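One file, structure-v7.txt, is given below (compact mmCIF, C-alpha atoms (C1' of nucleotides)).
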```txt
# COMPACT_ATOMS: atom_id res chain seq x y z
CA MET V 1 -10.71 -20.40 -0.14
CA LEU V 2 -7.25 -19.33 0.80
CA ASP V 3 -6.35 -22.90 1.65
CA ASP V 4 -6.53 -23.72 -2.03
CA LEU V 5 -3.47 -21.56 -2.51
CA ASP V 6 -0.15 -23.22 -1.91
CA LYS V 7 3.20 -21.52 -1.88
CA THR V 8 3.61 -21.86 -5.62
CA ASP V 9 0.26 -20.23 -6.30
CA ARG V 10 1.16 -17.36 -4.04
CA LYS V 11 4.47 -16.87 -5.80
CA ILE V 12 2.65 -16.72 -9.11
CA LEU V 13 0.14 -14.21 -7.82
CA ALA V 14 2.87 -12.09 -6.27
CA LEU V 15 4.68 -11.89 -9.59
CA LEU V 16 1.55 -11.12 -11.56
CA GLN V 17 0.68 -8.36 -9.13
CA GLN V 18 3.99 -6.74 -9.98
CA ASP V 19 3.88 -7.27 -13.72
CA GLY V 20 0.88 -8.45 -15.65
CA ASN V 21 2.91 -8.85 -18.81
CA LEU V 22 4.77 -11.90 -17.59
CA THR V 23 4.15 -14.99 -19.67
CA ALA V 24 3.61 -18.40 -18.19
CA ALA V 25 7.09 -19.36 -19.32
CA GLU V 26 8.73 -16.39 -17.63
CA ILE V 27 6.90 -17.00 -14.39
CA ALA V 28 7.76 -20.68 -14.54
CA ASP V 29 11.38 -19.67 -14.89
CA GLN V 30 11.38 -17.39 -11.92
CA ILE V 31 9.78 -19.85 -9.56
CA GLY V 32 11.65 -22.92 -10.75
CA LEU V 33 8.85 -24.77 -12.48
CA SER V 34 8.18 -25.79 -16.04
CA GLN V 35 5.74 -24.04 -18.28
CA SER V 36 2.85 -26.45 -18.37
CA PRO V 37 1.98 -26.73 -14.69
CA CYS V 38 2.64 -23.05 -14.30
CA TRP V 39 0.23 -22.28 -17.09
CA ARG V 40 -2.35 -24.63 -15.61
CA ARG V 41 -2.09 -22.89 -12.27
CA ILE V 42 -2.47 -19.44 -13.75
CA ASN V 43 -5.47 -20.68 -15.61
CA ARG V 44 -6.99 -22.11 -12.48
CA LEU V 45 -6.33 -18.92 -10.53
CA GLN V 46 -8.15 -16.98 -13.19
CA GLN V 47 -11.04 -19.42 -13.48
CA GLN V 48 -11.57 -19.61 -9.75
CA GLY V 49 -11.57 -15.86 -9.43
CA TYR V 50 -8.42 -15.25 -7.45
CA ILE V 51 -7.38 -13.04 -10.31
CA ALA V 52 -10.13 -10.46 -10.51
CA ASN V 53 -8.89 -8.37 -13.39
CA ARG V 54 -5.97 -7.48 -15.56
CA VAL V 55 -5.59 -3.77 -16.10
CA VAL V 56 -3.32 -0.99 -17.18
CA LEU V 57 -2.27 1.60 -14.61
CA LEU V 58 -1.75 5.13 -15.85
CA ASP V 59 0.74 7.72 -14.72
CA ARG V 60 -1.49 10.17 -12.90
CA HIS V 61 0.67 13.19 -13.53
CA LYS V 62 1.30 12.39 -17.17
CA VAL V 63 -2.42 12.27 -17.89
CA GLY V 64 -2.84 15.64 -16.22
CA LEU V 65 -4.35 14.66 -12.88
CA GLY V 66 -2.53 16.72 -10.27
CA VAL V 67 -4.88 16.66 -7.30
CA VAL V 68 -5.66 13.83 -4.92
CA ALA V 69 -7.95 14.53 -2.03
CA PHE V 70 -9.52 12.56 0.76
CA VAL V 71 -13.02 13.50 1.79
CA THR V 72 -14.59 12.32 5.00
CA ILE V 73 -18.35 12.45 5.05
CA LYS V 74 -21.10 12.14 7.60
CA LEU V 75 -24.65 11.62 6.44
CA SER V 76 -27.54 13.36 8.15
CA SER V 77 -30.09 10.59 7.84
CA HIS V 78 -29.09 6.99 8.02
CA GLY V 79 -32.13 5.42 6.48
CA ARG V 80 -31.51 2.59 4.10
CA ASN V 81 -32.61 4.69 1.18
CA SER V 82 -30.25 7.51 2.02
CA LEU V 83 -27.29 5.18 2.02
CA GLU V 84 -28.23 3.53 -1.22
CA GLU V 85 -28.91 6.81 -2.95
CA PHE V 86 -25.64 8.26 -1.79
CA GLU V 87 -23.60 5.22 -2.73
CA LEU V 88 -25.18 4.92 -6.13
CA ALA V 89 -24.27 8.50 -6.92
CA ILE V 90 -20.73 7.99 -5.68
CA VAL V 91 -20.18 4.99 -7.91
CA GLY V 92 -21.22 7.15 -10.82
CA PHE V 93 -18.64 9.87 -10.20
CA PRO V 94 -15.47 9.06 -12.14
CA GLU V 95 -13.52 11.48 -9.94
CA VAL V 96 -14.12 9.22 -6.94
CA VAL V 97 -11.71 6.34 -7.21
CA GLU V 98 -12.35 4.93 -3.75
CA CYS V 99 -15.21 5.04 -1.31
CA TRP V 100 -15.35 3.07 1.92
CA THR V 101 -17.60 3.08 4.91
CA VAL V 102 -15.69 3.28 8.14
CA SER V 103 -16.29 2.93 11.82
CA GLY V 104 -15.82 5.88 14.11
CA ALA V 105 -16.27 9.61 13.72
CA MET V 106 -17.14 9.65 10.02
CA ASP V 107 -19.37 7.52 7.86
CA TYR V 108 -17.51 7.48 4.57
CA ILE V 109 -14.04 8.15 3.35
CA LEU V 110 -13.47 8.91 -0.33
CA ARG V 111 -10.43 9.37 -2.45
CA VAL V 112 -10.98 11.86 -5.22
CA VAL V 113 -8.73 12.59 -8.19
CA THR V 114 -8.99 15.71 -10.33
CA GLN V 115 -6.84 17.77 -12.68
CA ASP V 116 -6.26 20.77 -10.44
CA MET V 117 -7.69 22.63 -7.49
CA ASP V 118 -10.18 24.46 -9.66
CA SER V 119 -11.68 21.25 -10.95
CA TYR V 120 -11.62 19.84 -7.44
CA GLU V 121 -13.58 22.83 -6.17
CA PHE V 122 -16.00 22.36 -9.00
CA PHE V 123 -16.47 18.68 -8.27
CA LEU V 124 -17.01 19.38 -4.59
CA ARG V 125 -19.50 22.20 -4.94
CA HIS V 126 -21.45 21.09 -7.97
CA LYS V 127 -21.39 17.35 -7.73
CA LEU V 128 -20.52 15.91 -4.33
CA LEU V 129 -22.14 18.48 -2.07
CA LYS V 130 -25.22 18.56 -4.24
CA LEU V 131 -26.08 15.10 -3.00
CA ALA V 132 -28.86 14.81 -0.47
CA HIS V 133 -28.33 13.57 3.10
CA ILE V 134 -24.82 14.97 3.49
CA HIS V 135 -24.43 16.36 6.96
CA GLU V 136 -20.74 17.13 7.02
CA ALA V 137 -17.86 16.83 4.60
CA GLN V 138 -14.23 17.53 5.22
CA SER V 139 -11.57 17.74 2.52
CA HIS V 140 -7.95 16.77 3.01
CA ILE V 141 -5.80 17.63 0.06
CA SER V 142 -2.92 15.27 -0.46
CA MET V 143 0.50 16.80 -0.81
CA THR V 144 2.68 13.86 -1.65
CA GLU V 145 2.20 10.25 -2.55
CA VAL V 146 4.42 8.16 -0.31
CA LYS V 147 3.04 4.83 -1.45
CA ASN V 148 0.25 3.76 -3.74
CA THR V 149 0.23 0.17 -4.86
CA THR V 150 -2.28 -2.34 -6.11
CA GLN V 151 -0.24 -5.20 -4.67
CA LEU V 152 -2.04 -6.94 -1.86
CA PRO V 153 0.07 -8.53 0.88
CA LEU V 154 0.37 -12.29 0.41
CA GLN V 155 1.96 -14.59 2.92
CA PRO V 156 4.93 -16.24 1.20
CA MET I 1 2.10 16.50 -21.45
CA LEU I 2 -1.63 16.04 -21.52
CA ASP I 3 -1.87 18.01 -24.73
CA ASP I 4 -0.16 15.15 -26.49
CA LEU I 5 -3.27 13.09 -25.87
CA ASP I 6 -6.06 13.47 -28.35
CA LYS I 7 -9.50 11.98 -28.06
CA THR I 8 -8.42 8.72 -29.62
CA ASP I 9 -5.57 8.29 -27.17
CA ARG I 10 -7.92 8.90 -24.31
CA LYS I 11 -10.35 6.33 -25.61
CA ILE I 12 -7.54 3.82 -25.82
CA LEU I 13 -6.39 4.55 -22.29
CA ALA I 14 -9.92 4.39 -20.97
CA LEU I 15 -10.40 0.94 -22.45
CA LEU I 16 -7.05 -0.34 -21.22
CA GLN I 17 -7.84 0.91 -17.73
CA GLN I 18 -10.90 -1.32 -17.78
CA ASP I 19 -9.31 -4.36 -19.32
CA GLY I 20 -5.62 -4.84 -19.84
CA ASN I 21 -6.19 -7.97 -21.88
CA LEU I 22 -7.56 -6.12 -24.87
CA THR I 23 -5.48 -6.56 -27.98
CA ALA I 24 -4.68 -3.73 -30.33
CA ALA I 25 -7.16 -5.22 -32.79
CA GLU I 26 -9.99 -5.33 -30.26
CA ILE I 27 -9.37 -1.78 -29.18
CA ALA I 28 -9.18 -0.64 -32.77
CA ASP I 29 -12.53 -2.24 -33.32
CA GLN I 30 -14.19 -0.54 -30.41
CA ILE I 31 -13.01 2.94 -31.29
CA GLY I 32 -13.50 2.66 -35.03
CA LEU I 33 -9.90 2.60 -36.13
CA SER I 34 -7.77 0.05 -37.89
CA GLN I 35 -5.25 -2.08 -36.11
CA SER I 36 -1.95 -0.57 -37.12
CA PRO I 37 -2.41 3.03 -36.05
CA CYS I 38 -4.06 1.76 -32.91
CA TRP I 39 -1.09 -0.42 -32.17
CA ARG I 40 1.28 2.45 -32.88
CA ARG I 41 -0.59 4.65 -30.47
CA ILE I 42 -0.57 2.08 -27.71
CA ASN I 43 3.12 1.68 -28.24
CA ARG I 44 3.68 5.41 -28.03
CA LEU I 45 1.58 5.69 -24.89
CA GLN I 46 3.72 3.03 -23.32
CA GLN I 47 7.01 4.47 -24.50
CA GLN I 48 6.16 7.95 -23.35
CA GLY I 49 5.14 6.74 -19.95
CA TYR I 50 1.42 7.43 -19.97
CA ILE I 51 0.98 3.78 -19.26
CA ALA I 52 2.87 3.20 -16.06
CA ASN I 53 2.30 -0.48 -15.57
CA ARG I 54 0.26 -3.48 -16.53
CA VAL I 55 -0.77 -5.57 -13.56
CA VAL I 56 -3.10 -8.20 -12.26
CA LEU I 57 -5.64 -7.25 -9.60
CA LEU I 58 -6.53 -9.91 -7.06
CA ASP I 59 -9.82 -10.58 -5.36
CA ARG I 60 -9.09 -9.40 -1.85
CA HIS I 61 -11.56 -11.73 -0.16
CA LYS I 62 -10.58 -14.76 -2.20
CA VAL I 63 -6.97 -14.42 -1.15
CA GLY I 64 -8.03 -14.19 2.47
CA LEU I 65 -7.66 -10.48 3.17
CA GLY I 66 -10.75 -9.48 5.10
CA VAL I 67 -9.72 -6.26 6.80
CA VAL I 68 -9.19 -2.82 5.31
CA ALA I 69 -8.36 0.01 7.65
CA PHE I 70 -7.48 3.65 7.34
CA VAL I 71 -4.95 5.04 9.76
CA THR I 72 -4.43 8.74 10.27
CA ILE I 73 -1.10 9.66 11.79
CA LYS I 74 0.51 12.73 13.28
CA LEU I 75 4.25 12.76 13.77
CA SER I 76 5.78 14.28 16.89
CA SER I 77 8.88 15.77 15.33
CA HIS I 78 8.78 17.14 11.83
CA GLY I 79 12.47 17.20 11.08
CA ARG I 80 13.46 16.09 7.65
CA ASN I 81 15.01 12.94 9.01
CA SER I 82 11.88 11.94 10.87
CA LEU I 83 9.80 12.16 7.74
CA GLU I 84 12.24 10.20 5.65
CA GLU I 85 12.68 7.52 8.27
CA PHE I 86 8.97 7.14 8.69
CA GLU I 87 8.22 7.04 4.99
CA LEU I 88 10.97 4.56 4.29
CA ALA I 89 9.55 2.19 6.85
CA ILE I 90 6.05 2.60 5.48
CA VAL I 91 7.11 1.72 1.97
CA GLY I 92 8.59 -1.47 3.38
CA PHE I 93 5.37 -2.66 5.00
CA PRO I 94 3.43 -4.81 2.55
CA GLU I 95 0.28 -4.35 4.62
CA VAL I 96 0.27 -0.64 3.76
CA VAL I 97 -1.07 -0.30 0.26
CA GLU I 98 -1.41 3.47 0.29
CA CYS I 99 0.24 6.29 2.18
CA TRP I 100 -0.34 9.96 1.48
CA THR I 101 0.59 13.15 3.24
CA VAL I 102 -2.36 15.44 3.67
CA SER I 103 -3.09 18.98 4.69
CA GLY I 104 -5.07 19.67 7.82
CA ALA I 105 -5.42 17.93 11.13
CA MET I 106 -3.32 14.86 10.37
CA ASP I 107 0.01 14.38 8.66
CA TYR I 108 -0.45 11.05 6.97
CA ILE I 109 -3.28 8.84 5.91
CA LEU I 110 -2.65 5.15 5.26
CA ARG I 111 -4.72 2.35 3.89
CA VAL I 112 -3.82 -0.96 5.45
CA VAL I 113 -4.94 -4.44 4.37
CA THR I 114 -4.70 -7.53 6.56
CA GLN I 115 -6.27 -10.97 6.89
CA ASP I 116 -8.36 -10.35 9.98
CA MET I 117 -8.63 -8.15 13.05
CA ASP I 118 -6.03 -10.17 14.89
CA SER I 119 -3.43 -9.64 12.24
CA TYR I 120 -4.41 -5.99 12.04
CA GLU I 121 -3.86 -5.60 15.76
CA PHE I 122 -0.53 -7.29 15.38
CA PHE I 123 0.52 -5.05 12.54
CA LEU I 124 -0.51 -1.97 14.46
CA ARG I 125 1.16 -2.80 17.76
CA HIS I 126 4.28 -4.53 16.57
CA LYS I 127 5.07 -2.82 13.33
CA LEU I 128 3.40 0.54 12.77
CA LEU I 129 3.39 1.88 16.31
CA LYS I 130 6.93 0.69 16.86
CA LEU I 131 8.10 3.40 14.49
CA ALA I 132 9.75 6.44 16.02
CA HIS I 133 8.28 9.94 15.82
CA ILE I 134 4.66 8.85 15.89
CA HIS I 135 2.69 11.25 18.03
CA GLU I 136 -0.82 10.09 17.37
CA ALA I 137 -2.45 7.37 15.32
CA GLN I 138 -6.12 6.73 14.79
CA SER I 139 -7.59 3.62 13.19
CA HIS I 140 -10.75 3.53 11.15
CA ILE I 141 -11.83 0.06 10.21
CA SER I 142 -13.64 -0.14 6.95
CA MET I 143 -16.95 -1.93 6.93
CA THR I 144 -17.87 -2.03 3.29
CA GLU I 145 -16.22 -1.21 0.02
CA VAL I 146 -18.52 1.05 -1.95
CA LYS I 147 -16.05 1.74 -4.73
CA ASN I 148 -12.44 0.85 -5.33
CA THR I 149 -11.14 1.32 -8.80
CA THR I 150 -7.79 1.85 -10.48
CA GLN I 151 -9.43 3.78 -13.30
CA LEU I 152 -8.43 7.41 -13.32
CA PRO I 153 -10.92 9.94 -14.66
CA LEU I 154 -10.08 10.98 -18.22
CA GLN I 155 -11.87 13.74 -20.06
CA PRO I 156 -13.49 12.15 -23.13
C1' DT G 1 1.15 -32.79 -9.97
C1' DG G 2 5.36 -32.15 -12.54
C1' DT G 3 8.16 -32.70 -17.23
C1' DG G 4 9.03 -32.20 -22.02
C1' DA G 5 7.85 -31.46 -26.55
C1' DA G 6 4.95 -30.21 -30.14
C1' DA G 7 0.76 -27.93 -32.74
C1' DA G 8 -1.87 -24.19 -33.71
C1' DG G 9 -3.08 -19.79 -33.96
C1' DG G 10 -3.03 -15.19 -32.50
C1' DC G 11 -0.76 -10.95 -32.27
C1' DG G 12 2.88 -7.91 -32.49
C1' DC G 13 5.21 -5.57 -35.86
C1' DA G 14 6.52 -3.54 -40.22
C1' DA G 15 6.25 -2.48 -45.14
C1' DA G 16 3.65 -0.46 -48.90
C1' DC G 17 -0.04 2.24 -50.16
C1' DG X 1 -4.58 6.48 -41.40
C1' DT X 2 -5.44 2.01 -44.18
C1' DT X 3 -4.76 -2.63 -45.75
C1' DT X 4 -1.93 -6.61 -46.11
C1' DG X 5 1.13 -10.07 -44.68
C1' DC X 6 4.96 -12.47 -42.40
C1' DG X 7 7.01 -14.62 -38.45
C1' DC X 8 7.58 -15.10 -33.77
C1' DC X 9 5.95 -16.21 -29.42
C1' DT X 10 2.27 -17.76 -26.42
C1' DT X 11 -1.01 -20.20 -25.43
C1' DT X 12 -2.79 -24.68 -25.41
C1' DT X 13 -2.62 -29.57 -25.67
C1' DC X 14 -0.81 -34.49 -25.38
C1' DA X 15 1.84 -38.43 -23.82
C1' DC X 16 4.43 -39.71 -19.99
C1' DA X 17 6.73 -39.96 -15.35
```
Structure encoded using structure tokens:
Amino acid sequence: MLDDLDKTDRKILALLQQDGNLTAAEIADQIGLSQSPCWRRINRLQQQGYIANRVVLLDRHKVGLGVVAFVTIKLSSHGRNSLEEFELAIVGFPEVVECWTVSGAMDYILRVVTQDMDSYEFFLRHKLLKLAHIHEAQSHISMTEVKNTTQLPLQP
Amino acid sequence: MLDDLDKTDRKILALLQQDGNLTAAEIADQIGLSQSPCWRRINRLQQQGYIANRVVLLDRHKVGLGVVAFVTIKLSSHGRNSLEEFELAIVGFPEVVECWTVSGAMDYILRVVTQDMDSYEFFLRHKLLKLAHIHEAQSHISMTEVKNTTQLPLQP
DNA sequence: TGTGAAAAGGCGCAAAC
DNA sequence: GTTTGCGCCTTTTCACA
């Protein structure tokens, strides 16, 4: 898997993580390679699935989304069905941008994005807490965003 | 701000959040509009900063990053300098993909991505916990990724 | 695998309606 | 907002080292 990636591949991926608009020629330039092999590599990286997706990132504030909150959740029953039901519902909530299971004191940690505190309250009371099997849920409203990147760390 | 976005703009942004490869023509098609006005809108959305960035998302597992962890942190001294020092260091760690300040029991919550548990341990002991002013840090290793999207919720 | 050049076609972009 | 069109630039390919 990873071993298929040499230093050049990683440089390409690092650049594309920063700016998805870069053309093969521009990338080739920046890493000291000519266009053709660079293009072939990008192609391969896409084909083989190293590149999962190419997307546009929005400015959260500009599109009117002022609230980010983390919710830690414990389920009451841990049957297989409870988990699946819960997770299926979560995936369907557009306000939930992340949901992970974690070890330790809680079962799940979610990141939720809404317009304001009113809409957050509404989401919490009428959507999230309406789900079955929730034993405990704790909200942590985020005050400031110190760092929020989609760039994964790649060894150079 | 948000009021500048009509339904058509939001449809465009929704599509581009899913797939940044879409051309103006393709988007126009999908929302029942002709190419030119669609292109003009996309341009405006970019110019005015609604679109923050266009990037490539990598497959975390394919690039050899198996561990995702959440770290909650309390600082010991809350002077302005402590915060700035801490945050500056955080931004410099490529392993930290997210860092937010939150209300409540902890001060910060981080999401950290590393190759394996060994490299996570190393990051924790030799980089994160080496920072000054840290009073308490708790790690929560993520087991499974239920949802992880860059798509922000937009009212249709 | 890398280099260089060359073909083809798509897409950004703008003008006219 | 629509339809039309030009021209660039990007992708894509080929012959060759």
Within 10 Å of chain I, which residues of chain X show up when using only C-alpha atoms (C1' of nucleotides), listed as a PyMOL selection string? chain X and resi 1-3
Those residues you just picked out, can you put them in a file as a PDB file, in the frame of the given file with C-alpha atoms (C1' of nucleotides)?
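Below you can see part07.pdb, which holds the result:
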```pdb
ATOM      1  C1'  DG X   1      -4.580   6.480 -41.400  1.00  0.00           C
ATOM      2  C1'  DT X   2      -5.440   2.010 -44.180  1.00  0.00           C
ATOM      3  C1'  DT X   3      -4.760  -2.630 -45.750  1.00  0.00           C
TER       4       DT X   3
END
```
**Report entry** Contact residues around region 3-14 of chain G with all atoms listed in the file at 10 Å, ignoring same-chain residues under 6 positions, as a list in words
**Finding:**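 So, after excluding close chain neighbours, the residues are Leu33, Ser34, Gln35, Ser36 and Pro37 of chain V; Thr23, Ala24, Ala25, Ser36, Trp39 and Arg40 of chain I; DG5, DC6, DG7, DC8, DC9, DT10, DT11, DT12, DT13, DC14, DA15, DC16 and DA17 of chain X.
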Generate a file of the selected residues that holds C-alpha atoms (C1' of nucleotides), formatted as a PDB file, keeping the file's coordinate frame.
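That gives us again04.pdb:
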```
ATOM      1  CA  LEU V  33       8.850 -24.770 -12.480  1.00  0.00           C
ATOM      2  CA  SER V  34       8.180 -25.790 -16.040  1.00  0.00           C
ATOM      3  CA  GLN V  35       5.740 -24.040 -18.280  1.00  0.00           C
ATOM      4  CA  SER V  36       2.850 -26.450 -18.370  1.00  0.00           C
ATOM      5  CA  PRO V  37       1.980 -26.730 -14.690  1.00  0.00           C
TER       6      PRO V  37
ATOM      7  CA  THR I  23      -5.480  -6.560 -27.980  1.00  0.00           C
ATOM      8  CA  ALA I  24      -4.680  -3.730 -30.330  1.00  0.00           C
ATOM      9  CA  ALA I  25      -7.160  -5.220 -32.790  1.00  0.00           C
ATOM     10  CA  SER I  36      -1.950  -0.570 -37.120  1.00  0.00           C
ATOM     11  CA  TRP I  39      -1.090  -0.420 -32.170  1.00  0.00           C
ATOM     12  CA  ARG I  40       1.280   2.450 -32.880  1.00  0.00           C
TER      13      ARG I  40
ATOM     14  C1'  DG X   5       1.130 -10.070 -44.680  1.00  0.00           C
ATOM     15  C1'  DC X   6       4.960 -12.470 -42.400  1.00  0.00           C
ATOM     16  C1'  DG X   7       7.010 -14.620 -38.450  1.00  0.00           C
ATOM     17  C1'  DC X   8       7.580 -15.100 -33.770  1.00  0.00           C
ATOM     18  C1'  DC X   9       5.950 -16.210 -29.420  1.00  0.00           C
ATOM     19  C1'  DT X  10       2.270 -17.760 -26.420  1.00  0.00           C
ATOM     20  C1'  DT X  11      -1.010 -20.200 -25.430  1.00  0.00           C
ATOM     21  C1'  DT X  12      -2.790 -24.680 -25.410  1.00  0.00           C
ATOM     22  C1'  DT X  13      -2.620 -29.570 -25.670  1.00  0.00           C
ATOM     23  C1'  DC X  14      -0.810 -34.490 -25.380  1.00  0.00           C
ATOM     24  C1'  DA X  15       1.840 -38.430 -23.820  1.00  0.00           C
ATOM     25  C1'  DC X  16       4.430 -39.710 -19.990  1.00  0.00           C
ATOM     26  C1'  DA X  17       6.730 -39.960 -15.350  1.00  0.00           C
TER      27       DA X  17
END
```
*Tell me which protein, DNA and RNA residues are within 12 Å of Ile12 (chain V), counting all atoms listed in the file, leaving out same-chain ones fewer than 5 positions away, and put them as an MDAnalysis selection string.*
(chainID V and resid 5:7 17:20 22:33 37:46 50:51 154 156) or (chainID I and resid 56 58)
Between CA of Lys74 (chain V) and CA of Lys127 (chain V), what is the spacing in Å?
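Computing the Euclidean distance for CA of Lys127 (chain V) and CA of Lys74 (chain V) yields 16.2 Å.
You will find CA of Ala69 (chain V) at 9.4 Å from CA of Ser103 (chain I).
Distance-wise, CA of Gly49 (chain I) and CA of Arg111 (chain I) end up 26.2 Å apart.
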May I have the residues of chain V within 8 Å of chain I, counting all atoms listed in the file, written as a PyMOL selection string?
chain V and resi 1-2+13+16-21+49-60+62-64+87+90-91+94-95+97-104+113-114+140-154
Keeping only C-alpha atoms, take the residues you just selected and write them out as a JSON list (two decimals), keeping the file's coordinate frame.
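The new file result-v1.json reads:
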```json
[["chain", "number", "residue", "atom", "x", "y", "z"],
["V", 1, "MET", "CA", -10.71, -20.40, -0.14],
["V", 2, "LEU", "CA", -7.25, -19.33, 0.80],
["V", 13, "LEU", "CA", 0.14, -14.21, -7.82],
["V", 16, "LEU", "CA", 1.55, -11.12, -11.56],
["V", 17, "GLN", "CA", 0.68, -8.36, -9.13],
["V", 18, "GLN", "CA", 3.99, -6.74, -9.98],
["V", 19, "ASP", "CA", 3.88, -7.27, -13.72],
["V", 20, "GLY", "CA", 0.88, -8.45, -15.65],
["V", 21, "ASN", "CA", 2.91, -8.85, -18.81],
["V", 49, "GLY", "CA", -11.57, -15.86, -9.43],
["V", 50, "TYR", "CA", -8.42, -15.25, -7.45],
["V", 51, "ILE", "CA", -7.38, -13.04, -10.31],
["V", 52, "ALA", "CA", -10.13, -10.46, -10.51],
["V", 53, "ASN", "CA", -8.89, -8.37, -13.39],
["V", 54, "ARG", "CA", -5.97, -7.48, -15.56],
["V", 55, "VAL", "CA", -5.59, -3.77, -16.10],
["V", 56, "VAL", "CA", -3.32, -0.99, -17.18],
["V", 57, "LEU", "CA", -2.27, 1.60, -14.61],
["V", 58, "LEU", "CA", -1.75, 5.13, -15.85],
["V", 59, "ASP", "CA", 0.74, 7.72, -14.72],
["V", 60, "ARG", "CA", -1.49, 10.17, -12.90],
["V", 62, "LYS", "CA", 1.30, 12.39, -17.17],
["V", 63, "VAL", "CA", -2.42, 12.27, -17.89],
["V", 64, "GLY", "CA", -2.84, 15.64, -16.22],
["V", 87, "GLU", "CA", -23.60, 5.22, -2.73],
["V", 90, "ILE", "CA", -20.73, 7.99, -5.68],
["V", 91, "VAL", "CA", -20.18, 4.99, -7.91],
["V", 94, "PRO", "CA", -15.47, 9.06, -12.14],
["V", 95, "GLU", "CA", -13.52, 11.48, -9.94],
["V", 97, "VAL", "CA", -11.71, 6.34, -7.21],
["V", 98, "GLU", "CA", -12.35, 4.93, -3.75],
["V", 99, "CYS", "CA", -15.21, 5.04, -1.31],
["V", 100, "TRP", "CA", -15.35, 3.07, 1.92],
["V", 101, "THR", "CA", -17.60, 3.08, 4.91],
["V", 102, "VAL", "CA", -15.69, 3.28, 8.14],
["V", 103, "SER", "CA", -16.29, 2.93, 11.82],
["V", 104, "GLY", "CA", -15.82, 5.88, 14.11],
["V", 113, "VAL", "CA", -8.73, 12.59, -8.19],
["V", 114, "THR", "CA", -8.99, 15.71, -10.33],
["V", 140, "HIS", "CA", -7.95, 16.77, 3.01],
["V", 141, "ILE", "CA", -5.80, 17.63, 0.06],
["V", 142, "SER", "CA", -2.92, 15.27, -0.46],
["V", 143, "MET", "CA", 0.50, 16.80, -0.81],
["V", 144, "THR", "CA", 2.68, 13.86, -1.65],
["V", 145, "GLU", "CA", 2.20, 10.25, -2.55],
["V", 146, "VAL", "CA", 4.42, 8.16, -0.31],
["V", 147, "LYS", "CA", 3.04, 4.83, -1.45],
["V", 148, "ASN", "CA", 0.25, 3.76, -3.74],
["V", 149, "THR", "CA", 0.23, 0.17, -4.86],
["V", 150, "THR", "CA", -2.28, -2.34, -6.11],
["V", 151, "GLN", "CA", -0.24, -5.20, -4.67],
["V", 152, "LEU", "CA", -2.04, -6.94, -1.86],
["V", 153, "PRO", "CA", 0.07, -8.53, 0.88],
["V", 154, "LEU", "CA", 0.37, -12.29, 0.41]]
```
